[in-house]
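Structure file start.txt (compact mmCIF, C-alpha atoms) is printed below.
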# COMPACT_ATOMS: atom_id res chain seq x y z
CA MET Y 28 -3.57 22.01 -36.81
CA PRO Y 29 -6.57 21.01 -38.94
CA LYS Y 30 -9.48 23.42 -38.66
CA LYS Y 31 -11.96 20.58 -38.35
CA ALA Y 32 -10.46 17.63 -36.58
CA LYS Y 33 -12.19 14.29 -37.05
CA SER Y 34 -10.21 12.20 -34.60
CA ILE Y 35 -8.46 12.72 -31.28
CA SER Y 36 -5.84 11.00 -29.16
CA LEU Y 37 -6.82 11.59 -25.55
CA VAL Y 38 -4.30 11.63 -22.70
CA LEU Y 39 -5.85 11.17 -19.26
CA GLY Y 40 -3.68 12.06 -16.29
CA SER Y 41 -3.49 10.82 -12.70
CA GLY Y 42 -4.88 12.57 -9.63
CA GLY Y 43 -7.07 10.29 -7.55
CA ALA Y 44 -10.74 11.25 -7.31
CA ARG Y 45 -10.14 14.31 -9.51
CA GLY Y 46 -9.94 11.76 -12.30
CA HIS Y 47 -13.72 11.73 -12.48
CA ALA Y 48 -13.27 15.00 -14.39
CA HIS Y 49 -12.21 12.75 -17.30
CA ILE Y 50 -15.84 11.65 -17.62
CA GLY Y 51 -16.92 15.21 -18.42
CA VAL Y 52 -13.98 15.61 -20.80
CA ILE Y 53 -15.10 12.59 -22.80
CA ARG Y 54 -18.74 13.71 -22.82
CA ALA Y 55 -17.85 17.19 -24.13
CA ILE Y 56 -15.70 15.76 -26.93
CA GLU Y 57 -18.38 13.28 -27.94
CA GLU Y 58 -20.96 16.07 -28.15
CA ARG Y 59 -18.81 17.80 -30.78
CA GLY Y 60 -18.92 14.69 -32.95
CA VAL Y 61 -15.16 14.11 -32.81
CA GLU Y 62 -13.97 10.50 -32.56
CA ILE Y 63 -11.73 9.57 -29.65
CA ARG Y 64 -9.64 6.98 -31.46
CA ASN Y 65 -6.79 6.38 -29.01
CA ILE Y 66 -6.47 6.78 -25.23
CA ALA Y 67 -3.44 6.76 -22.95
CA GLY Y 68 -4.09 6.88 -19.22
CA THR Y 69 -2.27 6.77 -15.93
CA SER Y 70 -3.88 5.73 -12.62
CA MET Y 71 -7.43 7.16 -12.51
CA GLY Y 72 -6.90 8.16 -16.13
CA ALA Y 73 -6.39 4.48 -16.91
CA VAL Y 74 -9.59 3.59 -15.04
CA ILE Y 75 -11.82 6.03 -16.93
CA GLY Y 76 -9.99 5.61 -20.23
CA GLY Y 77 -10.10 1.82 -20.09
CA ILE Y 78 -13.76 1.67 -19.16
CA TYR Y 79 -14.60 4.12 -21.95
CA ALA Y 80 -12.56 2.09 -24.44
CA ALA Y 81 -14.66 -0.91 -23.40
CA ASP Y 82 -17.83 1.10 -24.17
CA LYS Y 83 -19.04 0.84 -20.57
CA LEU Y 84 -18.64 4.41 -19.36
CA ASP Y 85 -22.38 4.98 -18.87
CA THR Y 86 -22.58 1.88 -16.65
CA TYR Y 87 -19.68 3.14 -14.56
CA VAL Y 88 -21.11 6.65 -14.27
CA ASP Y 89 -24.49 5.37 -13.04
CA TRP Y 90 -22.65 3.45 -10.32
CA ALA Y 91 -20.10 6.13 -9.40
CA ASN Y 92 -22.69 8.89 -9.08
CA GLN Y 93 -24.38 6.97 -6.28
CA LEU Y 94 -21.28 6.59 -4.13
CA GLY Y 95 -21.35 8.11 -0.66
CA LYS Y 96 -18.49 8.30 1.82
CA ASN Y 97 -19.45 5.02 3.46
CA ASP Y 98 -19.58 3.35 0.05
CA VAL Y 99 -16.02 4.51 -0.62
CA VAL Y 100 -14.95 3.00 2.70
CA ARG Y 101 -16.51 -0.35 1.80
CA LEU Y 102 -14.43 -0.46 -1.38
CA LEU Y 103 -11.15 -0.14 0.52
CA ASP Y 104 -9.67 -3.38 1.79
CA PHE Y 105 -7.06 -2.86 4.52
CA SER Y 106 -3.97 -4.96 3.81
CA PHE Y 107 -2.67 -5.25 7.39
CA THR Y 108 0.87 -5.56 5.96
CA TRP Y 109 3.92 -3.32 5.80
CA THR Y 110 3.72 -2.92 2.01
CA SER Y 111 0.60 -0.76 1.73
CA ILE Y 112 -2.43 0.62 3.56
CA PHE Y 113 -4.92 -1.12 1.24
CA LYS Y 114 -4.79 -4.23 -0.92
CA GLY Y 115 -6.58 -2.54 -3.83
CA GLU Y 116 -8.27 -5.75 -4.99
CA ARG Y 117 -11.83 -5.17 -3.76
CA ILE Y 118 -12.50 -2.15 -5.96
CA ILE Y 119 -11.11 -3.95 -9.01
CA GLU Y 120 -13.34 -6.95 -8.36
CA VAL Y 121 -16.38 -4.69 -8.04
CA LEU Y 122 -15.52 -2.94 -11.31
CA ARG Y 123 -14.85 -6.23 -13.07
CA GLU Y 124 -18.26 -7.53 -12.02
CA LEU Y 125 -19.91 -4.25 -13.01
CA ILE Y 126 -18.18 -3.74 -16.35
CA GLY Y 127 -17.11 -7.23 -17.35
CA ASP Y 128 -13.47 -7.97 -18.08
CA CYS Y 129 -11.96 -8.04 -21.55
CA ARG Y 130 -8.57 -7.91 -23.19
CA ILE Y 131 -7.04 -4.61 -24.22
CA GLU Y 132 -6.19 -5.83 -27.71
CA ASP Y 133 -9.87 -6.63 -28.32
CA LEU Y 134 -11.10 -3.09 -27.62
CA ASP Y 135 -12.51 -0.99 -30.46
CA ARG Y 136 -10.25 1.94 -29.49
CA GLY Y 137 -6.53 1.99 -28.93
CA PHE Y 138 -5.75 1.98 -25.21
CA THR Y 139 -2.55 2.21 -23.21
CA ALA Y 140 -2.37 1.97 -19.42
CA VAL Y 141 0.86 3.32 -17.96
CA ALA Y 142 2.47 1.72 -14.91
CA THR Y 143 5.90 1.91 -13.28
CA SER Y 144 8.33 -0.99 -12.98
CA LEU Y 145 10.07 -0.78 -9.61
CA ASP Y 146 12.95 -3.07 -10.62
CA ASP Y 147 13.66 -1.36 -13.95
CA GLN Y 148 12.84 2.14 -12.64
CA ARG Y 149 10.94 3.01 -15.81
CA GLU Y 150 7.43 3.38 -17.14
CA ILE Y 151 5.70 0.39 -18.69
CA TRP Y 152 3.08 0.71 -21.42
CA LEU Y 153 0.40 -1.96 -21.06
CA THR Y 154 -1.28 -2.43 -24.46
CA SER Y 155 -2.41 -6.05 -24.23
CA GLY Y 156 -3.74 -8.54 -21.72
CA PRO Y 157 -6.67 -8.35 -19.27
CA LEU Y 158 -7.98 -4.79 -19.03
CA PHE Y 159 -8.55 -4.70 -15.29
CA ARG Y 160 -5.18 -6.25 -14.50
CA ALA Y 161 -3.57 -3.37 -16.40
CA ILE Y 162 -5.80 -0.86 -14.59
CA ARG Y 163 -4.94 -2.42 -11.23
CA ALA Y 164 -1.21 -2.05 -11.96
CA SER Y 165 -1.58 1.54 -13.15
CA THR Y 166 -3.45 2.52 -9.97
CA ALA Y 167 -1.13 0.88 -7.42
CA VAL Y 168 -0.16 4.11 -5.64
CA PRO Y 169 3.00 3.26 -3.63
CA GLY Y 170 2.28 2.84 0.06
CA VAL Y 171 -1.47 3.25 -0.50
CA PHE Y 172 -2.30 0.22 -2.68
CA ALA Y 173 -0.27 -2.98 -2.93
CA PRO Y 174 2.02 -3.40 -5.96
CA VAL Y 175 1.12 -5.81 -8.76
CA GLU Y 176 3.26 -8.62 -10.16
CA LEU Y 177 2.76 -8.82 -13.91
CA ASN Y 178 4.91 -10.45 -16.59
CA GLY Y 179 7.76 -10.90 -14.15
CA MET Y 180 7.71 -7.25 -13.08
CA VAL Y 181 6.65 -5.52 -9.88
CA LEU Y 182 4.42 -2.67 -11.01
CA VAL Y 183 3.08 0.40 -9.24
CA ASP Y 184 1.18 3.54 -10.20
CA GLY Y 185 2.27 5.03 -13.52
CA GLY Y 186 1.99 8.51 -12.06
CA LEU Y 187 5.22 7.85 -10.20
CA VAL Y 188 7.15 8.53 -13.44
CA ASN Y 189 4.54 9.73 -15.92
CA PRO Y 190 1.36 11.32 -14.52
CA ILE Y 191 0.34 12.68 -17.93
CA PRO Y 192 1.31 10.05 -20.54
CA ILE Y 193 1.61 11.93 -23.81
CA ALA Y 194 4.44 9.80 -25.21
CA PRO Y 195 2.29 6.73 -26.02
CA THR Y 196 0.25 8.91 -28.43
CA LEU Y 197 3.17 10.41 -30.37
CA THR Y 198 2.91 7.94 -33.25
CA ASP Y 199 -0.90 8.09 -33.50
CA SER Y 200 -2.38 9.08 -36.84
CA THR Y 201 -5.15 11.17 -35.28
CA ASP Y 202 -5.79 14.83 -36.10
CA LEU Y 203 -5.33 16.19 -32.58
CA THR Y 204 -3.88 15.23 -29.21
CA ILE Y 205 -5.65 16.57 -26.13
CA ALA Y 206 -4.14 16.04 -22.68
CA VAL Y 207 -5.96 16.35 -19.35
CA ASN Y 208 -3.77 17.52 -16.49
CA LEU Y 209 -5.28 16.90 -13.05
CA SER Y 210 -2.52 18.89 -11.33
CA GLY Y 211 -3.56 22.29 -12.64
CA VAL Y 212 -2.94 25.56 -10.85
CA THR Y 213 -4.94 26.02 -7.66
CA GLU Y 214 -8.07 28.09 -8.25
CA LYS Y 215 -9.34 28.21 -4.66
CA TYR Y 216 -12.02 25.90 -5.96
CA ARG Y 217 -15.22 25.65 -3.99
CA PRO Y 218 -17.84 23.02 -4.74
CA PRO Y 219 -21.28 24.14 -5.90
CA ALA Y 220 -24.27 23.62 -3.66
CA ALA Y 221 -25.01 19.92 -3.44
CA LYS Y 222 -27.89 18.73 -5.62
CA HIS Y 223 -28.75 16.26 -2.93
CA GLU Y 224 -27.08 14.66 0.03
CA LYS Y 225 -26.46 10.94 -0.29
CA ALA Y 226 -27.92 9.06 2.63
CA GLU Y 227 -25.18 7.41 4.65
CA SER Y 228 -25.85 4.24 6.56
CA THR Y 229 -25.13 4.33 10.27
CA SER Y 230 -25.49 0.59 10.71
CA ASP Y 231 -21.79 -0.26 10.33
CA LYS Y 232 -20.00 -0.70 13.64
CA GLY Y 233 -16.59 -1.58 14.98
CA TYR Y 234 -13.65 -1.62 12.63
CA ARG Y 235 -15.65 -0.15 9.74
CA GLU Y 236 -16.35 2.98 11.78
CA LYS Y 237 -12.64 3.33 12.43
CA ILE Y 238 -11.87 2.91 8.73
CA SER Y 239 -14.54 5.48 7.90
CA ALA Y 240 -12.99 7.98 10.31
CA PHE Y 241 -9.56 7.26 8.84
CA ILE Y 242 -10.68 7.84 5.26
CA SER Y 243 -12.74 10.89 6.25
CA SER Y 244 -9.61 12.47 7.66
CA MET Y 245 -8.03 12.18 4.21
CA MET Y 246 -11.13 13.54 2.50
CA ASP Y 247 -11.23 16.77 4.48
CA ASP Y 248 -10.65 20.15 2.85
CA GLU Y 249 -6.93 20.93 3.14
CA GLU Y 250 -7.63 24.47 4.26
CA SER Y 251 -10.59 23.90 6.50
CA GLY Y 252 -9.04 22.54 9.66
CA GLU Y 253 -6.22 23.18 12.06
CA THR Y 254 -5.31 19.54 12.68
CA LYS Y 255 -1.94 18.33 11.50
CA PRO Y 256 -1.93 15.72 8.70
CA ASP Y 257 -1.18 12.15 9.72
CA ALA Y 258 1.35 9.85 7.99
CA ALA Y 259 -1.13 8.52 5.41
CA ASP Y 260 -2.35 12.02 4.60
CA LEU Y 261 1.24 13.22 4.17
CA LEU Y 262 1.99 10.28 1.89
CA VAL Y 263 -0.93 10.97 -0.44
CA LYS Y 264 -0.30 14.71 -0.56
CA SER Y 265 3.43 14.21 -1.12
CA ILE Y 266 2.72 11.95 -4.09
CA ASP Y 267 0.33 14.60 -5.41
CA VAL Y 268 3.07 17.24 -5.19
CA MET Y 269 5.57 14.95 -6.94
CA GLN Y 270 3.16 14.11 -9.75
CA GLY Y 271 2.38 17.79 -10.28
CA ALA Y 272 6.06 18.58 -10.71
CA ILE Y 273 6.60 15.69 -13.14
CA ALA Y 274 3.47 16.64 -15.09
CA ARG Y 275 4.89 20.11 -15.70
CA LEU Y 276 8.12 18.57 -17.01
CA LYS Y 277 6.24 16.21 -19.31
CA LEU Y 278 4.14 19.05 -20.71
CA ALA Y 279 7.33 21.02 -21.38
CA ALA Y 280 8.92 18.04 -23.16
CA TYR Y 281 5.88 17.05 -25.22
CA THR Y 282 3.45 19.57 -26.63
CA PRO Y 283 -0.09 18.30 -27.23
CA ASP Y 284 -2.47 20.40 -29.30
CA LYS Y 285 -4.44 21.33 -26.19
CA VAL Y 286 -4.04 20.88 -22.45
CA ILE Y 287 -7.12 20.88 -20.22
CA ASP Y 288 -6.11 21.83 -16.69
CA VAL Y 289 -8.19 20.65 -13.73
CA PRO Y 290 -7.20 22.55 -10.55
CA ARG Y 291 -5.41 20.37 -8.05
CA ASP Y 292 -7.59 21.73 -5.23
CA ALA Y 293 -10.82 20.57 -6.89
CA CYS Y 294 -11.08 17.65 -4.47
CA SER Y 295 -8.87 15.46 -2.34
CA PHE Y 296 -7.46 12.10 -3.40
CA PHE Y 297 -10.14 9.89 -1.81
CA GLU Y 298 -13.26 12.00 -2.46
CA PHE Y 299 -14.72 9.53 -4.94
CA ASN Y 300 -18.18 10.43 -3.62
CA ARG Y 301 -17.91 13.67 -5.66
CA ALA Y 302 -17.87 11.94 -9.06
CA GLU Y 303 -20.77 13.86 -10.58
CA GLU Y 304 -19.36 17.21 -9.49
CA MET Y 305 -15.91 16.43 -10.90
CA ALA Y 306 -17.45 15.27 -14.19
CA ASP Y 307 -19.32 18.58 -14.46
CA LEU Y 308 -16.07 20.45 -13.84
CA GLY Y 309 -14.29 18.46 -16.54
CA TYR Y 310 -17.14 19.09 -18.95
CA ALA Y 311 -17.03 22.85 -18.38
CA LYS Y 312 -13.24 23.00 -18.78
CA THR Y 313 -13.36 20.92 -21.97
CA THR Y 314 -16.19 22.91 -23.52
CA ARG Y 315 -14.09 26.06 -23.27
CA ALA Y 316 -11.03 24.26 -24.62
CA LEU Y 317 -12.92 22.90 -27.64
CA ASP Y 318 -14.30 26.35 -28.33
CA ASP Y 319 -10.73 27.66 -28.41
CA LEU Y 320 -9.84 24.94 -30.92
CA GLY Y 321 -12.82 25.82 -33.09
CA LEU Y 322 -14.37 22.38 -32.72

Entire entry expressed as structure tokens:
Amino acid sequence: MPKKAKSISLVLGSGGARGHAHIGVIRAIEERGVEIRNIAGTSMGAVIGGIYAADKLDTYVDWANQLGKNDVVRLLDFSFTWTSIFKGERIIEVLRELIGDCRIEDLDRGFTAVATSLDDQREIWLTSGPLFRAIRASTAVPGVFAPVELNGMVLVDGGLVNPIPIAPTLTDSTDLTIAVNLSGVTEKYRPPAAKHEKAESTSDKGYREKISAFISSMMDDEESGETKPDAADLLVKSIDVMQGAIARLKLAAYTPDKVIDVPRDACSFFEFNRAEEMADLGYAKTTRALDDLGL
């Protein structure tokens, strides 16, 4: 390993709202003056990686840091079908309007979004075409968000087969490969004292209140209550368990220069209102990792 790396391939794993830790990872690497030349991401890793590759991460962060629980609810569009709980289109439209769409092949950095083809039962590397269409496919968690039809394939979340996509970076000519694993060992993580409480609107009535209660049930601390998880909660947590197991296999098969582990109990899947906190956690973890690498 070079003593002074000048370029990095960054692998950003899946893990729902914990993926906001990727923001802090990127910030810490940038502060060391090391170029992130190529990015491979699955699910939330594809979201953050793709937006960063489009040079719009600051715009996204300003928006994400203002999200409260009710804002998260507003971004979720119930599908009212048997295929999924949510459509998954509303959040993509909001991001497209916020960031502006572009094509992957036109980005200044190499970017690969990983999805899963249901028909072929294999991972698909999306390296061209509309950025947000690739992100939408990579984030289509089975049963939670509707699948995406793209290039004649039915695609779902890449984390189903590859939650930490190291393989797309194997042929990169960068000095180092750093992978971020969002399924790290539980650390009995407890959030720091809130800097401020986001004001939540109480004006929404009817079905939105029911949706809010539904999402809130999936945002609760796993160890805080005595209530039994419902079907949706079990689905999300089961996928989390599966992805953690696959991530360990991938890390055993491919050995990046450094793995940054974010504890899987840092936050629940839907706690996107904790973006700033997760970014701080990712920054702290990465700072220590870069120190170990001598960067």

Next item on the list: To one decimal in Å, tell me the separation between CA of Asp184 in chain Y and CA of Pro169 in chain Y.
Entry: 6.8 Å

Margin query: Here is a test: counting only C-alpha atoms, which residue of Y:Phe172, Y:Trp90, Y:Tyr79, Y:Trp152 is nearest to Glu303 in chain Y?
Written below: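 Of Y:Phe172, Y:Trp90, Y:Tyr79, Y:Trp152, the one nearest Glu303 in chain Y, counting only C-alpha atoms, is Y:Trp90.
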
Check: Using all atoms listed in the file, which of Y:Ile151, Y:Val263, Y:Ile126, Y:Val212 sits nearest Asp89 in chain Y?
Finding: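 Checking each of Y:Ile151, Y:Val263, Y:Ile126, Y:Val212 against Asp89 in chain Y, counting all atoms listed in the file, the winner is Y:Ile126.
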
Notebook entry, point to check: Do you have the CA of Lys215 in chain Y-CA of Leu278 in chain Y distance handy?
Noted result: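 Here the two named atoms are 22.9 Å from each other.
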
Checklist line | Atomic separation - CA of Val181 in chain Y relative to CA of Ser106 in chain Y, Å | finding: 17.3 Å

Note to self: Calculated over only C-alpha atoms, which of the candidates Y:Val52, Y:Ile273, Y:Ile191, Y:Leu125 has the smallest distance to Ile78 in chain Y?
What the structure shows: Y:Leu125

Closest atom pairs, residues of range 45-164 of chain Y within 9 Å of range 194-208 of chain Y, all atoms listed in the file, as a tab-separated table:
residue	atom	partner	partner_atom	distance
Y:Ala48	CA	Y:Val207	CA	8.9
Y:His49	CA	Y:Val207	CA	7.5
Y:Val52	CA	Y:Val207	CA	8.2
Y:Ile63	CA	Y:Thr201	CA	8.8
Y:Arg64	CA	Y:Thr201	CA	7.2
Y:Asn65	CA	Y:Thr196	CA	7.5
Y:Ile66	CA	Y:Thr196	CA	7.7
Y:Ala67	CA	Y:Pro195	CA	6.5
Y:Gly72	CA	Y:Val207	CA	8.9
Y:Thr139	CA	Y:Pro195	CA	7.2
Y:Val141	CA	Y:Pro195	CA	8.9
Y:Trp152	CA	Y:Pro195	CA	7.6

Check: For Leu209 in chain Y, which residue out of Y:Asp260, Y:Glu62, Y:Asp267, Y:Asp288 is the nearest one, using all atoms listed in the file?
Finding: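 Residue with the minimum atom-to-atom distance to Leu209 in chain Y: Y:Asp288.
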
Next item on the list: Can you pull out every residue within 10 Å of Arg59 in chain Y, counting only C-alpha atoms, but drop anything in the same chain fewer than 6 positions away, and send it as a PyMOL selection string?
Entry: chain Y and resi 33+314+317-318+322

Checklist line | Residue nearest Leu158 in chain Y among Y:Gly211, Y:Gly46, Y:Gly76, Y:Gly40 (counting all atoms listed in the file) | finding: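 Going through Y:Gly211, Y:Gly46, Y:Gly76, Y:Gly40 one by one, the smallest distance to Leu158 in chain Y is for Y:Gly76.
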
Next item on the list: Using all atoms listed in the file, find the one residue out of Y:Lys31, Y:Lys114, Y:Lys277, Y:Arg54 that sits nearest to Val168 in chain Y.
Entry: Y:Lys114

Item checked: 9 Å contact set for range 117-120 of chain Y, all atoms listed in the file, chain neighbours under 3 positions out, as a ChimeraX atom specification -> /Y:101-104,114,123-125,159-160,162-163

Notebook entry, point to check: Near Asp82 in chain Y, within 12 Å and counting all atoms listed in the file, which residues show up once chain neighbours fewer than 6 positions away are dropped, as a ChimeraX atom specification?
Noted result: /Y:53,63,75-76,88,126-129,133-136
